[in-house]
$ cat model.cif   # mmCIF, C-alpha atoms
data_target
loop_
_atom_site.label_atom_id
_atom_site.label_comp_id
_atom_site.auth_asym_id
_atom_site.auth_seq_id
_atom_site.Cartn_x
_atom_site.Cartn_y
_atom_site.Cartn_z
CA MET A 1 122.27 25.07 -48.62
CA THR A 2 118.74 26.39 -48.52
CA PHE A 3 116.14 25.55 -45.89
CA ASP A 4 114.30 23.33 -48.40
CA GLN A 5 117.39 21.21 -48.89
CA ILE A 6 118.01 20.87 -45.15
CA LEU A 7 114.42 19.67 -44.65
CA PHE A 8 114.69 17.30 -47.60
CA TYR A 9 117.90 15.69 -46.34
CA VAL A 10 116.61 15.36 -42.76
CA PHE A 11 113.37 13.70 -43.90
CA SER A 12 115.25 11.51 -46.40
CA PHE A 13 117.67 10.39 -43.70
CA TRP A 14 114.83 9.29 -41.42
CA PHE A 15 112.96 7.72 -44.33
CA ILE A 16 115.95 5.56 -45.35
CA ALA A 17 117.11 4.82 -41.79
CA SER A 18 113.71 3.67 -40.57
CA SER A 19 113.13 1.62 -43.73
CA LEU A 20 116.44 -0.17 -43.17
CA ALA A 21 115.56 -0.71 -39.51
CA MET A 22 112.19 -2.09 -40.62
CA ILE A 23 113.57 -4.76 -42.92
CA PHE A 24 116.31 -5.85 -40.51
CA SER A 25 114.30 -5.91 -37.27
CA ARG A 26 113.63 -9.39 -35.91
CA ASN A 27 110.41 -8.46 -34.15
CA ALA A 28 107.39 -7.93 -36.41
CA ALA A 29 105.78 -5.42 -34.04
CA LYS A 30 108.96 -3.31 -34.02
CA ALA A 31 109.02 -3.53 -37.82
CA VAL A 32 105.52 -2.03 -37.91
CA LEU A 33 106.62 0.84 -35.68
CA PHE A 34 109.63 1.57 -37.92
CA LEU A 35 107.36 1.45 -40.96
CA ILE A 36 105.10 4.03 -39.29
CA LEU A 37 108.14 6.30 -38.85
CA SER A 38 109.09 5.89 -42.50
CA PHE A 39 105.52 6.68 -43.58
CA PHE A 40 105.64 9.87 -41.52
CA SER A 41 108.90 10.83 -43.25
CA ALA A 42 107.35 10.04 -46.63
CA ALA A 43 104.38 12.25 -45.78
CA SER A 44 106.77 15.07 -44.82
CA ILE A 45 108.52 14.75 -48.18
CA TRP A 46 105.14 14.81 -49.95
CA ILE A 47 104.32 18.04 -48.12
CA LEU A 48 107.62 19.46 -49.43
CA LEU A 49 106.26 18.56 -52.88
CA GLU A 50 103.01 20.46 -52.12
CA ALA A 51 100.82 17.36 -52.09
CA GLU A 52 99.19 18.17 -48.76
CA PHE A 53 96.03 16.15 -49.24
CA LEU A 54 97.89 12.95 -50.11
CA ALA A 55 100.32 13.46 -47.23
CA ILE A 56 97.46 13.71 -44.73
CA THR A 57 95.77 10.75 -46.42
CA LEU A 58 98.94 8.71 -46.06
CA ILE A 59 99.07 9.42 -42.33
CA LEU A 60 95.34 8.95 -41.70
CA VAL A 61 94.76 5.89 -43.88
CA TYR A 62 98.12 4.14 -43.61
CA VAL A 63 99.28 4.93 -40.11
CA GLY A 64 95.78 5.19 -38.70
CA ALA A 65 94.15 2.19 -40.31
CA VAL A 66 96.49 -0.13 -42.22
CA MET A 67 99.35 -0.18 -39.72
CA VAL A 68 96.94 -0.68 -36.82
CA LEU A 69 95.49 -3.61 -38.78
CA PHE A 70 99.01 -5.04 -39.08
CA LEU A 71 99.54 -4.65 -35.34
CA PHE A 72 96.19 -6.33 -34.65
CA VAL A 73 97.13 -9.33 -36.78
CA ILE A 74 100.61 -9.59 -35.22
CA LYS A 75 99.21 -9.53 -31.71
CA MET A 76 96.44 -11.97 -32.62
CA LEU A 77 98.61 -14.58 -34.32
CA ASN A 78 101.33 -14.88 -31.63
CA ILE A 79 104.08 -15.85 -34.05
CA ASP A 80 107.05 -17.92 -33.03
CA LYS A 81 109.99 -15.64 -33.74
CA SER A 82 112.73 -18.27 -33.85
CA THR A 83 111.46 -20.15 -36.89
CA LEU A 84 110.91 -17.07 -39.01
CA ARG A 85 114.54 -16.02 -39.39
CA ALA A 86 116.15 -19.35 -40.19
CA LYS A 87 117.47 -18.43 -43.63
CA PHE A 88 118.40 -14.86 -42.85
CA ALA A 89 122.02 -14.94 -43.94
CA GLY A 90 121.56 -17.05 -47.05
CA TYR A 91 119.83 -14.50 -49.25
CA LEU A 92 121.28 -11.29 -47.81
CA PRO A 93 124.42 -11.04 -50.03
CA LEU A 94 122.43 -11.72 -53.20
CA GLY A 95 119.81 -9.15 -52.21
CA LEU A 96 122.43 -6.52 -51.40
CA ILE A 97 124.19 -7.09 -54.75
CA VAL A 98 120.92 -6.78 -56.68
CA ALA A 99 119.94 -3.65 -54.74
CA ALA A 100 123.36 -2.04 -55.23
CA ILE A 101 123.22 -2.66 -58.98
CA ILE A 102 119.69 -1.26 -59.24
CA ILE A 103 120.59 1.85 -57.22
CA ALA A 104 123.72 2.43 -59.34
CA GLU A 105 121.78 2.08 -62.59
CA MET A 106 118.94 4.30 -61.43
CA THR A 107 121.38 6.95 -60.20
CA LEU A 108 122.97 6.97 -63.65
CA VAL A 109 119.60 7.28 -65.36
CA LEU A 110 117.93 9.68 -62.93
CA GLY A 111 120.99 11.78 -62.09
CA GLY A 112 121.50 15.49 -62.43
CA ASN A 113 122.29 15.33 -66.14
CA GLN A 114 118.81 14.15 -67.03
CA PHE A 115 116.58 15.50 -64.25
CA GLY A 116 118.67 18.24 -62.65
CA LEU A 117 117.51 21.76 -61.92
CA ASP A 118 118.87 23.09 -65.22
CA VAL A 119 116.83 20.49 -67.16
CA VAL A 120 113.60 20.45 -65.12
CA ALA A 121 113.37 23.78 -63.33
CA ALA A 122 111.79 23.85 -59.90
CA PRO A 123 108.30 25.38 -60.15
CA ALA A 124 107.49 28.49 -58.13
CA ARG A 125 105.82 27.85 -54.79
CA HIS A 126 102.08 28.43 -54.70
CA GLY A 127 100.71 31.26 -52.61
CA ALA A 128 98.71 30.99 -49.42
CA ASP A 129 95.41 31.03 -51.34
CA TYR A 130 96.28 27.83 -53.24
CA SER A 131 94.18 24.85 -52.21
CA ASN A 132 95.54 21.43 -53.10
CA ILE A 133 92.22 19.79 -52.16
CA THR A 134 90.25 22.02 -54.54
CA VAL A 135 92.58 21.26 -57.43
CA LEU A 136 92.45 17.51 -56.78
CA ALA A 137 88.66 17.52 -56.34
CA MET A 138 88.18 19.40 -59.63
CA GLN A 139 90.12 16.68 -61.40
CA LEU A 140 88.68 13.78 -59.44
CA TYR A 141 85.01 14.65 -59.88
CA THR A 142 85.20 15.66 -63.54
CA THR A 143 87.89 13.91 -65.58
CA TYR A 144 88.45 10.93 -63.30
CA VAL A 145 84.93 10.37 -61.97
CA TYR A 146 84.61 6.94 -63.61
CA PRO A 147 87.86 5.55 -62.10
CA PHE A 148 86.76 7.09 -58.81
CA GLU A 149 83.53 5.06 -58.87
CA LEU A 150 85.52 1.98 -59.84
CA ALA A 151 87.78 2.52 -56.83
CA ALA A 152 84.69 2.62 -54.60
CA VAL A 153 83.47 -0.67 -56.11
CA LEU A 154 86.93 -2.15 -55.60
CA LEU A 155 86.82 -1.26 -51.90
CA LEU A 156 83.37 -2.85 -51.61
CA ILE A 157 84.69 -6.04 -53.23
CA ALA A 158 87.65 -5.99 -50.85
CA ILE A 159 85.32 -5.72 -47.84
CA ILE A 160 83.17 -8.63 -49.05
CA ALA A 161 86.22 -10.75 -49.89
CA ALA A 162 87.92 -10.14 -46.54
CA ILE A 163 84.77 -10.89 -44.55
CA THR A 164 84.00 -14.00 -46.60
CA LEU A 165 87.54 -15.31 -46.16
CA VAL A 166 87.76 -15.09 -42.39
CA HIS A 167 84.10 -15.80 -41.64
CA ARG A 168 83.65 -19.01 -39.70
CA ASN A 169 80.87 -21.48 -40.47
CA GLU A 170 77.60 -21.24 -38.60
CA LEU A 171 78.65 -22.91 -35.38
CA ASN A 172 76.70 -20.94 -32.83
CA ARG A 173 74.54 -18.85 -35.06
CA LYS A 174 70.77 -18.64 -34.91
CA LYS A 175 69.34 -18.25 -38.38
CA GLN A 176 66.06 -18.59 -40.22
CA SER A 177 65.24 -21.55 -42.45
CA ILE A 178 62.70 -20.11 -44.87
CA SER A 179 61.75 -23.42 -46.48
CA GLU A 180 60.92 -25.02 -43.16
CA GLN A 181 58.89 -21.98 -42.15
CA VAL A 182 56.83 -22.11 -45.35
CA ASP A 183 56.42 -25.87 -45.19
CA VAL A 184 55.03 -25.92 -41.68
CA GLN A 185 51.64 -27.59 -41.03
CA ALA A 186 49.14 -26.89 -38.33
CA LYS A 187 49.76 -30.25 -36.70
CA ASP A 188 53.45 -29.41 -36.28
CA ARG A 189 52.64 -26.43 -34.14
CA VAL A 190 49.43 -27.18 -32.26
CA ARG A 191 48.83 -30.38 -30.34
CA ILE A 192 45.30 -30.98 -29.10
CA VAL A 193 45.19 -32.96 -25.93
CA SER A 194 41.99 -34.19 -24.46
CA ILE A 195 42.11 -34.06 -20.70
CA ALA A 196 39.38 -35.56 -18.63
CA SER A 197 37.68 -32.96 -16.47
CA SER A 198 37.92 -33.60 -12.81
CA SER A 199 34.79 -34.96 -11.15
CA LYS A 200 33.35 -34.16 -7.74
CA GLU A 201 34.07 -37.66 -6.48
CA ALA A 202 37.76 -37.20 -6.99
CA LYS A 203 37.76 -34.30 -4.61
CA MET B 1 116.58 24.15 -54.30
CA VAL B 2 115.90 20.42 -54.33
CA SER B 3 115.96 19.06 -57.84
CA LEU B 4 113.73 16.39 -59.38
CA SER B 5 116.62 13.94 -59.56
CA ASP B 6 117.05 14.10 -55.76
CA TYR B 7 113.48 12.94 -55.25
CA LEU B 8 113.80 10.25 -57.92
CA ILE B 9 117.04 8.88 -56.44
CA LEU B 10 115.49 8.89 -52.96
CA SER B 11 112.54 6.85 -54.17
CA ALA B 12 114.90 4.49 -56.04
CA ILE B 13 116.79 3.89 -52.78
CA ILE B 14 113.54 3.23 -50.89
CA PHE B 15 112.40 0.88 -53.66
CA CYS B 16 115.64 -1.10 -53.36
CA ILE B 17 115.35 -1.25 -49.57
CA GLY B 18 111.90 -2.80 -50.03
CA LEU B 19 113.37 -5.24 -52.54
CA VAL B 20 116.15 -6.30 -50.13
CA GLY B 21 113.47 -6.69 -47.45
CA ILE B 22 111.66 -9.19 -49.66
CA PHE B 23 114.93 -11.09 -50.16
CA VAL B 24 115.81 -11.09 -46.47
CA ASN B 25 112.42 -11.73 -44.87
CA ARG B 26 111.17 -14.27 -47.34
CA THR B 27 109.81 -16.63 -44.69
CA ASN B 28 107.61 -14.08 -42.89
CA ILE B 29 104.51 -13.08 -44.82
CA ILE B 30 103.71 -10.10 -42.58
CA THR B 31 107.08 -8.47 -43.25
CA LEU B 32 106.73 -9.31 -46.94
CA LEU B 33 103.46 -7.35 -47.03
CA MET B 34 105.14 -4.44 -45.26
CA CYS B 35 107.97 -4.44 -47.82
CA VAL B 36 105.39 -4.29 -50.60
CA GLU B 37 103.89 -1.25 -48.87
CA LEU B 38 107.34 0.37 -48.77
CA ILE B 39 107.79 -0.24 -52.51
CA LEU B 40 104.37 1.31 -53.20
CA VAL B 41 105.26 4.41 -51.17
CA ALA B 42 108.47 4.76 -53.20
CA VAL B 43 106.47 4.60 -56.44
CA ASN B 44 103.98 7.13 -55.08
CA THR B 45 106.85 9.51 -54.25
CA ASN B 46 107.93 9.24 -57.89
CA PHE B 47 104.42 10.11 -59.08
CA ILE B 48 104.12 13.10 -56.75
CA ALA B 49 107.59 14.42 -57.65
CA PHE B 50 106.79 14.36 -61.36
CA SER B 51 103.35 15.87 -60.69
CA HIS B 52 104.95 18.75 -58.78
CA PHE B 53 107.77 19.46 -61.18
CA LEU B 54 105.69 19.14 -64.37
CA GLY B 55 102.70 21.04 -62.94
CA ASN B 56 100.20 18.28 -63.76
CA GLU B 57 97.77 17.07 -61.09
CA ALA B 58 97.04 13.74 -62.80
CA GLY B 59 99.98 12.17 -60.97
CA GLN B 60 98.43 12.97 -57.60
CA ILE B 61 95.12 11.45 -58.74
CA PHE B 62 97.03 8.30 -59.65
CA VAL B 63 98.59 8.18 -56.19
CA PHE B 64 95.08 8.43 -54.76
CA PHE B 65 94.05 5.31 -56.67
CA ILE B 66 97.26 3.48 -55.77
CA LEU B 67 96.55 4.13 -52.10
CA THR B 68 93.03 2.70 -52.56
CA VAL B 69 94.29 -0.45 -54.24
CA ALA B 70 97.03 -0.88 -51.62
CA ALA B 71 94.51 -0.63 -48.79
CA ALA B 72 92.33 -3.29 -50.44
CA GLU B 73 95.40 -5.47 -50.99
CA VAL B 74 96.42 -5.25 -47.34
CA ALA B 75 92.91 -6.07 -46.11
CA ILE B 76 92.66 -9.19 -48.28
CA GLY B 77 96.29 -10.18 -47.64
CA LEU B 78 95.85 -10.08 -43.89
CA ALA B 79 92.58 -12.01 -44.20
CA ILE B 80 94.39 -14.74 -46.15
CA LEU B 81 97.15 -14.65 -43.52
CA THR B 82 94.65 -15.18 -40.71
CA LEU B 83 93.08 -18.06 -42.63
CA LEU B 84 96.54 -19.59 -43.23
CA PHE B 85 97.42 -19.37 -39.56
CA ARG B 86 94.10 -20.92 -38.59
CA ASN B 87 94.60 -23.91 -40.90
CA LYS B 88 98.38 -24.48 -40.67
CA GLY B 89 99.26 -23.04 -37.26
CA THR B 90 102.13 -21.03 -38.74
CA ILE B 91 102.73 -18.29 -41.30
CA ASN B 92 106.07 -19.63 -42.47
CA VAL B 93 106.20 -19.54 -46.27
CA ASP B 94 108.12 -22.83 -46.40
CA VAL B 95 105.20 -24.70 -44.84
CA THR B 96 102.63 -23.37 -47.26
CA ASN B 97 103.58 -25.59 -50.18
CA SER B 98 100.41 -27.64 -50.50
CA LEU B 99 99.72 -26.36 -54.02
CA LYS B 100 102.93 -28.11 -55.21
CA GLY B 101 103.57 -25.40 -57.76
#
$ encode --input "model.cif" --output "structure tokens"
Amino acid sequence: MTFDQILFYVFSFWFIASSLAMIFSRNAAKAVLFLILSFFSAASIWILLEAEFLAITLILVYVGAVMVLFLFVIKMLNIDKSTLRAKFAGYLPLGLIVAAIIIAEMTLVLGGNQFGLDVVAAPARHGADYSNITVLAMQLYTTYVYPFELAAVLLLIAIIAAITLVHRNELNRKKQSISEQVDVQAKDRVRIVSIASSSKEAK
Amino acid sequence: MVSLSDYLILSAIIFCIGLVGIFVNRTNIITLLMCVELILVAVNTNFIAFSHFLGNEAGQIFVFFILTVAAAEVAIGLAILTLLFRNKGTINVDVTNSLKG
């Protein structure tokens, strides 16, 4: 067993174990922590596949931003744990049967006969001067520049949609009313009061 | 050496774990979203494995876009979740049946 295989099986073990712990944990915050562990294992496997940029992106974007967002929402909502797991046992056998059938079928299709080393040979490792980021950037900014711009627009739409959804109505907000400002008359702003000047007798 | 089929079977197992998670946690929307993330990571592992073994970088570009779409999906999903909790007081899926679909 080569060192590559040892690393692959260690990372796969943690990937599968933490994913199972994630779906069976009763506490949503613990589930997020297990999901973070499984993302780390996935990033390690991606580094074994020489996709360094995407592995770092997975850790920075997913663990750093998305999972923290999940934790924020879980802490903010204060969910009652007892009501959420009422029908736990009812769907578990069906789910396990479906999953076992899918895994068996996929193992038959994707097994060593079709995708083994003698069919798809493992490519030679790149040298130390190989830059994954340079290769990806050459593709991303030439061939795929239009989908790249579309992805940026998609993120902008997501920002606007998320803010619009959770934005409360103007309860305590001070805002301008342009029509009232334009419509204003001099008598609305200035009031002329005639005050009698004091006389010497009054003193 | 690790063969392509090892990576593909690993991502099939992770995909099925995410699927079982959707079956098991079907009342909790937060865990449902997390299971969808797990399924997406399994699919991304497939893309990267094929990209590595076939020597074509287009698969990694695709993973880049999938990550973008997944981040947008999570942001909007959690916003809807917050809105649901504000209006209903719970995030139980069984309560959110006002559309009568």
$ resolve_selection --input "model.cif" --expression "the PyMOL selection byres ((chain B) within 6 of (chain A))" --output "ChimeraX atom specification"
/B:2-5,16,20-21,23-24,27-28,72,76,79
$ atom_distance --input "model.cif" --atom1 "atom CA of A:Ile133" --atom2 "atom CA of A:Glu52"
7.9 Å
$ atom_distance --input "model.cif" --atom1 "atom CA of B:Ala75" --atom2 "atom CA of A:Val63"
14.1 Å
$ closest_residue --input "model.cif" --among "A:Ala196, A:Lys30, A:Glu149, A:Ser41" --to "B:Ile14" --atoms "all atoms listed in the file"
A:Ser41
$ resolve_selection --input "model.cif" --expression "the PyMOL selection byres ((chain B and resi 40-52) around 8)" --output "PDB file with C-alpha atoms, in the coordinates of the input"
ATOM      1  CA  PHE A  39     105.520   6.680 -43.580  1.00  0.00           C
ATOM      2  CA  ALA A  42     107.350  10.040 -46.630  1.00  0.00           C
ATOM      3  CA  TRP A  46     105.140  14.810 -49.950  1.00  0.00           C
ATOM      4  CA  LEU A  49     106.260  18.560 -52.880  1.00  0.00           C
ATOM      5  CA  GLU A  50     103.010  20.460 -52.120  1.00  0.00           C
ATOM      6  CA  ALA A  51     100.820  17.360 -52.090  1.00  0.00           C
ATOM      7  CA  PRO A 123     108.300  25.380 -60.150  1.00  0.00           C
TER       8      PRO A 123
ATOM      9  CA  LEU B   4     113.730  16.390 -59.380  1.00  0.00           C
ATOM     10  CA  TYR B   7     113.480  12.940 -55.250  1.00  0.00           C
ATOM     11  CA  LEU B   8     113.800  10.250 -57.920  1.00  0.00           C
ATOM     12  CA  SER B  11     112.540   6.850 -54.170  1.00  0.00           C
ATOM     13  CA  ALA B  12     114.900   4.490 -56.040  1.00  0.00           C
ATOM     14  CA  ILE B  14     113.540   3.230 -50.890  1.00  0.00           C
ATOM     15  CA  PHE B  15     112.400   0.880 -53.660  1.00  0.00           C
ATOM     16  CA  VAL B  36     105.390  -4.290 -50.600  1.00  0.00           C
ATOM     17  CA  GLU B  37     103.890  -1.250 -48.870  1.00  0.00           C
ATOM     18  CA  LEU B  38     107.340   0.370 -48.770  1.00  0.00           C
ATOM     19  CA  ILE B  39     107.790  -0.240 -52.510  1.00  0.00           C
ATOM     20  CA  PHE B  53     107.770  19.460 -61.180  1.00  0.00           C
ATOM     21  CA  LEU B  54     105.690  19.140 -64.370  1.00  0.00           C
ATOM     22  CA  GLY B  55     102.700  21.040 -62.940  1.00  0.00           C
ATOM     23  CA  ASN B  56     100.200  18.280 -63.760  1.00  0.00           C
ATOM     24  CA  GLU B  57      97.770  17.070 -61.090  1.00  0.00           C
ATOM     25  CA  ALA B  58      97.040  13.740 -62.800  1.00  0.00           C
ATOM     26  CA  GLY B  59      99.980  12.170 -60.970  1.00  0.00           C
ATOM     27  CA  GLN B  60      98.430  12.970 -57.600  1.00  0.00           C
ATOM     28  CA  PHE B  62      97.030   8.300 -59.650  1.00  0.00           C
ATOM     29  CA  VAL B  63      98.590   8.180 -56.190  1.00  0.00           C
ATOM     30  CA  ILE B  66      97.260   3.480 -55.770  1.00  0.00           C
ATOM     31  CA  ALA B  70      97.030  -0.880 -51.620  1.00  0.00           C
TER      32      ALA B  70
END
$ axis_aligned_box --input "model.cif" --around "stretch 189-201 of chain A" --padding-each-side "8 Å" --output "AutoDock Vina command-line options"
--center_x 43.0 --center_y -32.0 --center_z -20.3 --size_x 35.3 --size_y 27.2 --size_z 43.7
$ atom_distance --input "model.cif" --atom1 "atom CA of A:Trp14" --atom2 "atom CA of B:Cys35"
16.6 Å
